[in-house]
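K.L.:
Pasting entry_10.cif here (mmCIF, C-alpha atoms):
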```
data_run
loop_
_atom_site.label_atom_id
_atom_site.label_comp_id
_atom_site.auth_asym_id
_atom_site.auth_seq_id
_atom_site.Cartn_x
_atom_site.Cartn_y
_atom_site.Cartn_z
CA MET A 1 -20.25 143.81 139.61
CA PRO A 2 -17.50 146.37 139.72
CA GLY A 3 -15.78 147.10 136.46
CA ARG A 4 -18.44 145.24 134.20
CA THR A 5 -20.94 147.29 132.32
CA LEU A 6 -24.43 145.80 132.13
CA SER A 7 -26.21 146.54 128.91
CA ILE A 8 -29.93 146.50 129.06
CA ARG A 9 -31.72 146.04 125.71
CA PRO A 10 -34.81 147.98 125.18
CA PRO A 11 -38.14 146.13 125.15
CA SER A 12 -38.76 146.77 121.46
CA VAL A 13 -35.61 144.99 120.47
CA MET A 14 -36.49 142.04 122.59
CA ARG A 15 -39.92 141.81 121.08
CA ALA A 16 -38.46 141.82 117.56
CA GLY A 17 -36.13 138.90 118.34
CA VAL A 18 -38.96 136.84 119.84
CA ALA A 19 -41.07 137.45 116.73
CA LEU A 20 -38.25 136.33 114.43
CA ALA A 21 -37.76 133.13 116.38
CA LEU A 22 -41.46 132.31 116.19
CA ALA A 23 -41.49 132.90 112.47
CA LEU A 24 -38.58 130.58 111.91
CA GLY A 25 -40.30 127.89 113.95
CA LEU A 26 -43.47 128.18 111.92
CA LEU A 27 -41.54 127.87 108.66
CA ALA A 28 -39.86 124.69 109.83
CA ALA A 29 -43.20 123.14 110.85
CA ASP A 30 -45.07 124.10 107.62
CA PRO A 31 -44.49 121.53 104.76
CA VAL A 32 -45.63 123.91 102.01
CA GLY A 33 -43.05 126.30 102.94
CA ALA A 34 -40.49 123.59 103.05
CA ALA A 35 -41.31 122.62 99.44
CA GLU A 36 -40.78 126.13 98.31
CA THR A 37 -37.29 126.18 99.65
CA PRO A 38 -34.64 125.67 96.92
CA ALA A 39 -33.38 122.04 96.56
CA ALA A 40 -29.85 121.11 97.12
CA SER A 41 -27.63 121.10 93.91
CA VAL A 42 -27.33 117.65 92.03
CA PRO A 43 -23.69 116.48 91.69
CA THR A 44 -22.31 116.40 88.06
CA PRO A 45 -21.53 112.83 86.83
CA PRO A 46 -17.90 112.06 86.01
CA PRO A 47 -16.82 112.18 82.29
CA LEU A 48 -17.06 108.90 80.18
CA PRO A 49 -13.79 106.99 79.55
CA PRO A 50 -12.32 107.16 75.98
CA GLU A 51 -13.55 104.51 73.47
CA ARG A 52 -11.47 101.31 73.24
CA PRO A 53 -9.34 101.02 70.03
CA GLU A 54 -10.65 98.64 67.32
CA THR A 55 -7.56 96.43 67.55
CA LEU A 56 -8.23 95.72 71.20
CA LYS A 57 -11.94 94.95 70.81
CA PRO A 58 -12.81 91.25 71.19
CA PRO A 59 -13.92 89.58 67.91
CA VAL A 60 -17.63 89.29 67.43
CA ALA A 61 -18.61 85.60 67.28
CA GLU A 62 -20.44 84.63 64.07
CA PRO A 63 -23.82 83.03 64.57
CA ALA A 64 -23.82 79.22 64.27
CA PRO A 65 -25.37 77.80 61.02
CA PRO A 66 -28.86 76.45 61.38
CA THR A 67 -29.12 72.72 62.06
CA PRO A 68 -30.31 70.82 58.90
CA PRO A 69 -33.63 69.03 59.18
CA ALA A 70 -33.51 65.36 60.12
CA ARG A 71 -33.38 62.93 57.19
CA PRO A 72 -36.56 60.90 56.68
CA PRO A 73 -36.18 57.30 57.87
CA GLU A 74 -36.80 55.82 54.41
CA LEU A 75 -33.80 57.75 52.98
CA LYS A 76 -31.34 56.83 55.69
CA PRO A 77 -28.57 54.43 54.55
CA ALA A 78 -28.95 50.90 55.72
CA VAL A 79 -26.83 50.08 58.71
CA ALA A 80 -24.37 47.34 57.91
CA GLU A 81 -24.90 44.29 59.99
CA PRO A 82 -21.94 43.19 62.08
CA ALA A 83 -19.92 40.41 60.53
CA LYS A 84 -20.77 37.03 61.89
CA GLU A 85 -18.03 35.10 63.54
CA PRO A 86 -17.07 31.98 61.62
CA VAL A 87 -18.29 28.74 63.09
CA LYS A 88 -15.41 26.98 64.73
CA ASP A 89 -14.64 23.47 63.65
CA PRO A 90 -13.46 21.44 66.68
CA GLY A 91 -11.68 18.92 64.50
CA ARG A 92 -9.76 21.60 62.62
CA GLU A 93 -8.78 23.33 65.90
CA LYS A 94 -7.47 20.06 67.32
CA ALA A 95 -5.48 19.42 64.15
CA SER A 96 -3.93 22.90 64.26
CA GLU A 97 -3.06 22.48 67.96
CA SER A 98 -1.47 19.13 67.25
CA ALA A 99 0.56 20.71 64.43
CA LYS A 100 1.77 23.45 66.79
CA GLU A 101 2.72 21.00 69.54
CA GLY A 102 4.68 18.84 67.10
CA PRO A 103 5.14 15.10 67.21
CA LYS A 104 4.59 13.64 70.65
CA ASP A 105 7.47 11.22 70.38
CA GLY A 106 9.92 14.05 69.78
CA SER A 107 11.28 12.50 66.59
CA LYS A 108 13.12 14.96 64.29
CA GLU A 109 12.28 12.94 61.18
CA SER A 110 8.55 13.18 61.87
CA ALA A 111 8.86 16.95 62.33
CA LYS A 112 10.66 17.29 58.96
CA GLU A 113 8.03 15.21 57.20
CA ALA A 114 5.26 17.34 58.71
CA SER A 115 6.98 20.57 57.53
CA LYS A 116 7.33 19.43 53.88
CA PRO A 117 4.97 21.26 51.46
CA GLU A 118 2.31 19.23 49.73
CA ILE A 119 3.04 18.34 46.09
CA PRO A 120 0.28 19.76 43.85
CA THR A 121 -1.68 17.30 41.80
CA PRO A 122 -0.78 17.61 38.07
CA PRO A 123 -3.59 18.69 35.71
CA PRO A 124 -5.27 15.99 33.65
CA ALA A 125 -3.59 15.14 30.37
CA PRO A 126 -5.27 16.54 27.21
CA PRO A 127 -7.11 14.09 25.00
CA GLU A 128 -5.08 12.33 22.37
CA ARG A 129 -4.90 13.98 18.96
CA PRO A 130 -7.05 12.19 16.38
CA PRO A 131 -5.16 10.46 13.59
CA GLU A 132 -4.36 12.50 10.48
CA LEU A 133 -6.91 12.16 7.71
CA SER A 134 -5.45 10.99 4.46
CA GLY A 135 -6.36 8.88 1.45
CA GLY A 136 -9.97 7.73 1.30
CA ALA A 137 -10.82 9.25 4.69
CA ALA A 138 -9.80 12.71 3.48
CA LEU A 139 -11.80 12.35 0.25
CA ALA A 140 -14.86 11.23 2.19
CA LEU A 141 -14.68 14.31 4.44
CA LYS A 142 -17.53 16.68 3.59
CA VAL A 143 -17.49 20.42 4.23
CA SER A 144 -20.77 22.26 4.68
CA PRO A 145 -21.26 24.95 2.00
CA PRO A 146 -21.40 28.58 3.16
CA ASP A 147 -24.82 30.09 3.72
CA ASP A 148 -25.66 32.48 0.85
CA THR A 149 -29.13 33.52 2.03
CA ALA A 150 -28.08 37.15 2.53
CA CYS A 151 -26.43 37.22 -0.90
CA ARG A 152 -29.59 35.97 -2.60
CA THR A 153 -31.58 38.68 -0.82
CA ARG A 154 -29.23 41.30 -2.27
CA LEU A 155 -29.61 39.83 -5.75
CA LYS A 156 -33.37 40.24 -5.56
CA ARG A 157 -32.99 43.85 -4.46
CA LEU A 158 -30.70 44.44 -7.46
CA GLY A 159 -33.48 43.27 -9.78
CA VAL A 160 -31.76 40.05 -10.87
CA ASP A 161 -33.81 37.10 -12.17
CA PHE A 162 -32.30 33.79 -11.01
CA GLU A 163 -33.18 30.32 -9.80
CA PRO A 164 -31.25 27.84 -7.63
CA LEU A 165 -29.69 24.77 -9.26
CA SER A 166 -28.67 21.37 -7.89
CA PRO A 167 -25.13 21.10 -6.47
CA ILE A 168 -22.44 20.50 -9.07
CA ALA A 169 -19.84 17.78 -8.42
CA GLU A 170 -17.72 16.61 -11.38
CA GLY A 171 -14.55 15.23 -9.84
CA GLN A 172 -12.69 18.27 -8.56
CA CYS A 173 -15.07 20.67 -10.34
CA THR A 174 -17.63 21.65 -7.72
CA ALA A 175 -20.27 24.27 -6.97
CA PRO A 176 -22.40 23.39 -3.91
CA LEU A 177 -24.91 26.26 -4.32
CA PRO A 178 -25.04 27.33 -7.98
CA LEU A 179 -27.60 29.74 -9.45
CA LYS A 180 -28.89 30.18 -13.00
CA VAL A 181 -29.01 33.90 -13.81
CA THR A 182 -31.20 34.96 -16.78
CA LYS A 183 -31.77 38.73 -16.48
CA PHE A 184 -30.41 41.84 -14.76
CA ALA A 185 -32.10 45.09 -13.74
CA ASP A 186 -33.89 47.19 -16.39
CA GLY A 187 -34.39 44.12 -18.57
CA VAL A 188 -30.70 43.54 -19.46
CA ALA A 189 -30.85 39.94 -20.66
CA LEU A 190 -28.50 36.97 -20.69
CA PRO A 191 -29.72 35.01 -23.73
CA GLN A 192 -27.48 32.03 -22.97
CA GLY A 193 -28.02 32.24 -19.20
CA ALA A 194 -25.18 31.97 -16.68
CA THR A 195 -24.43 29.31 -14.05
CA LEU A 196 -22.68 31.15 -11.24
CA THR A 197 -22.22 31.22 -7.51
CA CYS A 198 -24.22 33.91 -5.76
CA ARG A 199 -21.06 35.88 -5.06
CA ALA A 200 -20.03 35.96 -8.73
CA ALA A 201 -23.60 36.73 -9.83
CA GLU A 202 -23.77 39.71 -7.44
CA ALA A 203 -20.48 41.14 -8.74
CA LEU A 204 -21.71 40.74 -12.33
CA ALA A 205 -25.03 42.44 -11.54
CA ARG A 206 -23.35 45.43 -9.89
CA TRP A 207 -20.92 45.79 -12.80
CA VAL A 208 -23.80 45.71 -15.33
CA THR A 209 -25.30 48.82 -13.70
CA GLU A 210 -22.02 50.64 -14.44
CA VAL A 211 -22.06 49.34 -18.04
CA GLN A 212 -25.56 50.80 -18.46
CA VAL A 213 -24.37 54.23 -17.32
CA GLU A 214 -21.38 54.13 -19.69
CA ALA A 215 -23.55 53.09 -22.65
CA GLU A 216 -25.85 56.09 -22.16
CA ARG A 217 -22.93 58.49 -21.71
CA THR A 218 -20.62 57.30 -24.49
CA LEU A 219 -22.91 55.67 -27.06
CA LYS A 220 -26.21 57.45 -26.28
CA HIS A 221 -27.98 54.08 -26.57
CA PRO A 222 -29.29 51.86 -23.74
CA LEU A 223 -27.76 48.47 -23.00
CA THR A 224 -30.12 45.55 -23.66
CA ALA A 225 -28.06 42.34 -23.26
CA LEU A 226 -24.74 40.72 -22.49
CA GLU A 227 -23.42 38.03 -24.86
CA LEU A 228 -21.67 35.36 -22.76
CA GLY A 229 -19.22 32.77 -24.05
CA GLY A 230 -19.49 30.61 -20.91
CA SER A 231 -19.77 30.53 -17.16
CA TYR A 232 -19.48 27.10 -15.47
CA VAL A 233 -17.16 24.78 -17.42
CA CYS A 234 -15.11 21.96 -15.87
CA ARG A 235 -11.69 22.72 -17.41
CA GLY A 236 -8.21 23.98 -16.73
CA GLN A 237 -6.97 27.53 -17.19
CA ASN A 238 -6.83 28.67 -20.84
CA HIS A 239 -8.43 25.31 -21.82
CA ASP A 240 -5.18 23.53 -20.92
CA ILE A 241 -5.95 20.06 -19.47
CA ASP A 242 -2.63 19.99 -17.62
CA ALA A 243 -3.03 23.46 -16.09
CA LYS A 244 -4.53 24.41 -12.77
CA LEU A 245 -8.33 24.37 -12.69
CA SER A 246 -9.93 27.56 -13.93
CA GLU A 247 -12.41 29.52 -11.81
CA HIS A 248 -14.96 28.42 -14.43
CA ALA A 249 -14.70 24.95 -12.84
CA PHE A 250 -16.22 26.39 -9.65
CA ALA A 251 -18.96 28.52 -11.30
CA ASN A 252 -16.96 31.54 -10.17
CA ALA A 253 -16.22 33.16 -13.56
CA ALA A 254 -17.83 34.45 -16.77
CA ASP A 255 -16.62 35.31 -20.27
CA ILE A 256 -18.27 38.36 -21.91
CA MET A 257 -18.13 38.17 -25.71
CA GLY A 258 -20.04 41.36 -26.53
CA PHE A 259 -22.70 43.96 -25.65
CA ALA A 260 -26.08 44.55 -27.34
CA PHE A 261 -27.89 47.91 -27.45
CA ALA A 262 -31.21 49.33 -28.54
CA GLY A 263 -30.99 51.35 -31.77
CA ARG A 264 -27.46 50.44 -32.82
CA ALA A 265 -25.22 47.49 -33.66
CA SER A 266 -23.68 45.29 -30.98
CA ILE A 267 -20.08 45.81 -29.94
CA PRO A 268 -17.91 42.66 -29.76
CA VAL A 269 -15.05 42.50 -27.30
CA LYS A 270 -11.89 42.92 -29.38
CA ALA A 271 -9.26 45.51 -30.24
CA MET A 272 -10.93 48.63 -31.66
CA PRO A 273 -9.48 51.65 -33.52
CA ASP A 274 -8.04 54.21 -31.13
CA GLY A 275 -10.30 57.17 -30.52
CA SER A 276 -13.48 55.42 -31.65
CA GLU A 277 -16.64 55.30 -29.53
CA GLU A 278 -16.36 51.52 -29.36
CA ALA A 279 -12.77 51.66 -28.04
CA GLN A 280 -13.72 54.30 -25.50
CA PHE A 281 -16.73 52.27 -24.30
CA LEU A 282 -14.80 48.97 -24.03
CA GLY A 283 -11.92 50.62 -22.19
CA ALA A 284 -14.24 52.29 -19.66
CA VAL A 285 -16.27 49.17 -18.83
CA ARG A 286 -13.10 47.07 -18.56
CA THR A 287 -11.63 49.52 -16.01
CA LYS A 288 -14.86 49.52 -14.00
CA ALA A 289 -14.81 45.70 -13.90
CA CYS A 290 -11.59 45.83 -11.88
CA GLY A 291 -13.57 47.37 -9.02
CA PHE A 292 -15.98 44.40 -8.81
CA PHE A 293 -13.90 41.32 -9.75
CA ARG A 294 -10.58 39.96 -8.53
CA THR A 295 -9.47 38.95 -12.02
CA VAL A 296 -10.07 40.87 -15.27
CA LEU A 297 -8.40 39.74 -18.51
CA GLY A 298 -9.14 40.84 -22.09
CA PRO A 299 -7.65 41.82 -25.44
CA GLY A 300 -3.98 42.58 -24.96
CA SER A 301 -3.55 40.37 -21.86
CA ASN A 302 -2.64 37.25 -23.89
CA ALA A 303 -3.75 35.40 -27.00
CA ALA A 304 -6.31 33.30 -25.08
CA HIS A 305 -8.30 36.43 -24.13
CA ALA A 306 -8.09 38.36 -27.40
CA ASN A 307 -11.83 38.02 -28.18
CA HIS A 308 -13.55 38.20 -24.79
CA LEU A 309 -13.44 39.74 -21.33
CA HIS A 310 -12.77 37.19 -18.57
CA VAL A 311 -13.94 38.11 -15.04
CA ASP A 312 -13.81 35.97 -11.89
CA GLN A 313 -13.70 36.08 -8.08
CA ARG A 314 -10.58 34.05 -7.40
CA GLU A 315 -9.16 34.51 -3.87
CA ARG A 316 -5.53 35.61 -3.67
CA ASN A 317 -3.14 36.33 -0.82
CA ALA A 318 -3.54 39.73 0.86
CA GLY A 319 -6.55 40.55 -1.33
CA HIS A 320 -4.39 40.90 -4.46
CA ARG A 321 -6.25 41.57 -7.74
CA LEU A 322 -5.17 40.81 -11.29
CA CYS A 323 -6.40 43.44 -13.77
CA GLU A 324 -4.75 43.29 -17.21
#
```
Let's see the structure in the file written out as structure tokens.
P.N.:
Amino acid sequence: MPGRTLSIRPPSVMRAGVALALALGLLAADPVGAAETPAASVPTPPPLPPERPETLKPPVAEPAPPTPPARPPELKPAVAEPAKEPVKDPGREKASESAKEGPKDGSKESAKEASKPEIPTPPPAPPERPPELSGGAALALKVSPPDDTACRTRLKRLGVDFEPLSPIAEGQCTAPLPLKVTKFADGVALPQGATLTCRAAEALARWVTEVQVEAERTLKHPLTALELGGSYVCRGQNHDIDAKLSEHAFANAADIMGFAFAGRASIPVKAMPDGSEEAQFLGAVRTKACGFFRTVLGPGSNAAHANHLHVDQRERNAGHRLCE
């Protein structure tokens, strides 16, 4: 064509291009060669997001406590039985319905009478008081004597020799359960014996133990006997027939005339020179007697007790004692 230049490649160049194309085709068909080709680049993962603040994190739930084992059947509490319905009384229901409906005749007076409260029945009257005892009936009334079994047991433990006597009843002079006392502990004798109630005998025995201690301490000689002027005697106070009965009339008193010792002369109960052993001994045992008897009288109290020591168990108001 006019104006266009036609380039003609040489044969060597054409052969080189054909060879290159064949080589590329062989490479594409050969799998070993394909494996040797470099792999495509792996994409880089995106960066991790920032950690969530602690305040915005949801609370972690605590694990639930383990379920306790089932209780054995024998330890389970008994199931309360349902309350039974009360048995209905047809008669009572009819009566209550009649009361609600009111009198059938419509009378106001009947309605008022039905609404009145019932008057309670008064309690039974107490039995009539027995007639007052006086005169012969009062004198014939007998009072059982107190039981002194426990007291007699204590006397034996204190080492007292005694024997029971028959009840004494001389008019108003009485002693339902008298005892005859003959000896105290450690052989302290009562040559004349003493007729006393158990209560008076116990007080005398306990006091004698204190007299023994005082004799050893003050006189340095053991006590051997008590010299009594009397115990039970039916008489008035101070031998006055018009006076109130003495506690001697109830076997509740004793008169001590003196004390006997081993190895020295006896000491009579009377006023002794001040500062002497005899005065010291008599004063000490007289003071100790006030702790065992309710009445203690001796030299200096009055003329009737100038030569003996009177002791008794007379009861007085509020437990008062007379110690002179």
K.L.:
Using only C-alpha atoms, can you tell me which of A:Glu118, A:Glu214, A:Asp255, A:Glu170 comes closest to Gly298 in chain A?
P.N.:
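The shortest atom-to-atom distance to Gly298 in chain A comes from A:Asp255.
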K.L.:
Skipping near chain neighbours, those fewer than 5 positions away, what residues fall within 7 Å of Arg314 in chain A using only C-alpha atoms, listed as a VMD selection string?
P.N.:
chain A and resid 247 294 to 295
K.L.:
Do you know which residues are at most 10 Å from Leu322 in chain A counting all atoms listed in the file, after dropping those on the same chain fewer than 5 positions away, and could you put them as a PyMOL selection string?
P.N.:
chain A and resi 290+293-297+311-312+314+316
K.L.:
If you apply the PyMOL selection byres ((chain A and resi 277) around 12) to this file, what residues do you get, as a PDB file with C-alpha atoms, in the frame of the given file?
P.N.:
```pdb
ATOM      1  CA  GLU A 214     -21.380  54.130 -19.690  1.00  0.00           C
ATOM      2  CA  ALA A 215     -23.550  53.090 -22.650  1.00  0.00           C
ATOM      3  CA  GLU A 216     -25.850  56.090 -22.160  1.00  0.00           C
ATOM      4  CA  ARG A 217     -22.930  58.490 -21.710  1.00  0.00           C
ATOM      5  CA  THR A 218     -20.620  57.300 -24.490  1.00  0.00           C
ATOM      6  CA  LEU A 219     -22.910  55.670 -27.060  1.00  0.00           C
ATOM      7  CA  LYS A 220     -26.210  57.450 -26.280  1.00  0.00           C
ATOM      8  CA  HIS A 221     -27.980  54.080 -26.570  1.00  0.00           C
ATOM      9  CA  ILE A 267     -20.080  45.810 -29.940  1.00  0.00           C
ATOM     10  CA  MET A 272     -10.930  48.630 -31.660  1.00  0.00           C
ATOM     11  CA  PRO A 273      -9.480  51.650 -33.520  1.00  0.00           C
ATOM     12  CA  ASP A 274      -8.040  54.210 -31.130  1.00  0.00           C
ATOM     13  CA  GLY A 275     -10.300  57.170 -30.520  1.00  0.00           C
ATOM     14  CA  SER A 276     -13.480  55.420 -31.650  1.00  0.00           C
ATOM     15  CA  GLU A 278     -16.360  51.520 -29.360  1.00  0.00           C
ATOM     16  CA  ALA A 279     -12.770  51.660 -28.040  1.00  0.00           C
ATOM     17  CA  GLN A 280     -13.720  54.300 -25.500  1.00  0.00           C
ATOM     18  CA  PHE A 281     -16.730  52.270 -24.300  1.00  0.00           C
ATOM     19  CA  LEU A 282     -14.800  48.970 -24.030  1.00  0.00           C
ATOM     20  CA  GLY A 283     -11.920  50.620 -22.190  1.00  0.00           C
ATOM     21  CA  ALA A 284     -14.240  52.290 -19.660  1.00  0.00           C
TER      22      ALA A 284
END
```
K.L.:
Mind checking which residues fall within 12 Å of Gly171 in chain A, counting all atoms listed in the file, ignoring those fewer than 3 positions away in the same chain, and posting them as a list of chain:residue names?
P.N.:
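Returned residues: A:Leu139, A:Ile168, A:Thr174, A:Ala175, A:Cys234, A:Arg235, A:Leu245, A:Ala249, A:Phe250.
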K.L.:
Between CA of Trp207 in chain A and CA of Glu324 in chain A, what is the distance in Å, rounded to a tenth?
P.N.:
16.9 Å
K.L.:
Report the residues retrieved by the PyMOL selection byres ((chain A and resi 305) around 12) from the displayed file, expressed as a list in words.
P.N.:
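Given this file, the PyMOL selection byres ((chain A and resi 305) around 12) evaluates to Gly229, Gln237, Asn238, His239, Asp255, Ile256, Met257, Val269, Lys270, Ala271, Val296, Leu297, Gly298, Pro299, Gly300, Ser301, Asn302, Ala303, Ala304, Ala306, Asn307, His308, Leu309, His310, Val311 and Glu324 of chain A.
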K.L.:
Rounded to one decimal, what separation in Å do you get between CA of Phe184 in chain A and CA of Gly236 in chain A?
P.N.:
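Atom-to-atom, CA of Phe184 in chain A to CA of Gly236 in chain A, that is 28.6 Å.
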K.L.:
Selected by the PyMOL selection byres ((chain A and resi 183) around 12) in the shown coordinates: which residues, as number ranges by chain?
P.N.:
A: 155-156, 158-163, 180-182, 184-194, 201, 204-205, 208, 224-227
K.L.:
Restricted to C-alpha atoms, what would the selected residues look like written as a PDB file, in the coordinates of the input?
P.N.:
```pdb
ATOM      1  CA  LEU A 155     -29.610  39.830  -5.750  1.00  0.00           C
ATOM      2  CA  LYS A 156     -33.370  40.240  -5.560  1.00  0.00           C
ATOM      3  CA  LEU A 158     -30.700  44.440  -7.460  1.00  0.00           C
ATOM      4  CA  GLY A 159     -33.480  43.270  -9.780  1.00  0.00           C
ATOM      5  CA  VAL A 160     -31.760  40.050 -10.870  1.00  0.00           C
ATOM      6  CA  ASP A 161     -33.810  37.100 -12.170  1.00  0.00           C
ATOM      7  CA  PHE A 162     -32.300  33.790 -11.010  1.00  0.00           C
ATOM      8  CA  GLU A 163     -33.180  30.320  -9.800  1.00  0.00           C
ATOM      9  CA  LYS A 180     -28.890  30.180 -13.000  1.00  0.00           C
ATOM     10  CA  VAL A 181     -29.010  33.900 -13.810  1.00  0.00           C
ATOM     11  CA  THR A 182     -31.200  34.960 -16.780  1.00  0.00           C
ATOM     12  CA  PHE A 184     -30.410  41.840 -14.760  1.00  0.00           C
ATOM     13  CA  ALA A 185     -32.100  45.090 -13.740  1.00  0.00           C
ATOM     14  CA  ASP A 186     -33.890  47.190 -16.390  1.00  0.00           C
ATOM     15  CA  GLY A 187     -34.390  44.120 -18.570  1.00  0.00           C
ATOM     16  CA  VAL A 188     -30.700  43.540 -19.460  1.00  0.00           C
ATOM     17  CA  ALA A 189     -30.850  39.940 -20.660  1.00  0.00           C
ATOM     18  CA  LEU A 190     -28.500  36.970 -20.690  1.00  0.00           C
ATOM     19  CA  PRO A 191     -29.720  35.010 -23.730  1.00  0.00           C
ATOM     20  CA  GLN A 192     -27.480  32.030 -22.970  1.00  0.00           C
ATOM     21  CA  GLY A 193     -28.020  32.240 -19.200  1.00  0.00           C
ATOM     22  CA  ALA A 194     -25.180  31.970 -16.680  1.00  0.00           C
ATOM     23  CA  ALA A 201     -23.600  36.730  -9.830  1.00  0.00           C
ATOM     24  CA  LEU A 204     -21.710  40.740 -12.330  1.00  0.00           C
ATOM     25  CA  ALA A 205     -25.030  42.440 -11.540  1.00  0.00           C
ATOM     26  CA  VAL A 208     -23.800  45.710 -15.330  1.00  0.00           C
ATOM     27  CA  THR A 224     -30.120  45.550 -23.660  1.00  0.00           C
ATOM     28  CA  ALA A 225     -28.060  42.340 -23.260  1.00  0.00           C
ATOM     29  CA  LEU A 226     -24.740  40.720 -22.490  1.00  0.00           C
ATOM     30  CA  GLU A 227     -23.420  38.030 -24.860  1.00  0.00           C
TER      31      GLU A 227
END
```
K.L.:
Looking at A:Ala243, A:Ala254, A:Ala203, A:Leu223, which one is nearest to Ala289 in chain A, with distances taken over all atoms listed in the file?
P.N.:
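So, comparing all the options, the nearest one is A:Ala203.
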K.L.:
Please indicate the distance in Å from CA of Ser166 in chain A to CA of Ala251 in chain A, rounded to one decimal place.
P.N.:
12.5 Å
K.L.:
Taking only C-alpha atoms into account, which of A:Asn252, A:Asn317, A:Thr287, A:Thr67 comes nearest Val233 in chain A?
P.N.:
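When distances to Val233 in chain A are compared using only C-alpha atoms, the smallest one comes from A:Asn252.
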K.L.:
Edge lengths and centre, in Å to one decimal, as JSON: that's what I need for the box along x, y and z that holds all listed atoms of range 311-324 of chain A plus 6 Å on each side.
P.N.:
```
{"center_x": -8.5, "center_y": 38.7, "center_z": -8.2, "size_x": 22.8, "size_y": 21.4, "size_z": 30.1}
```
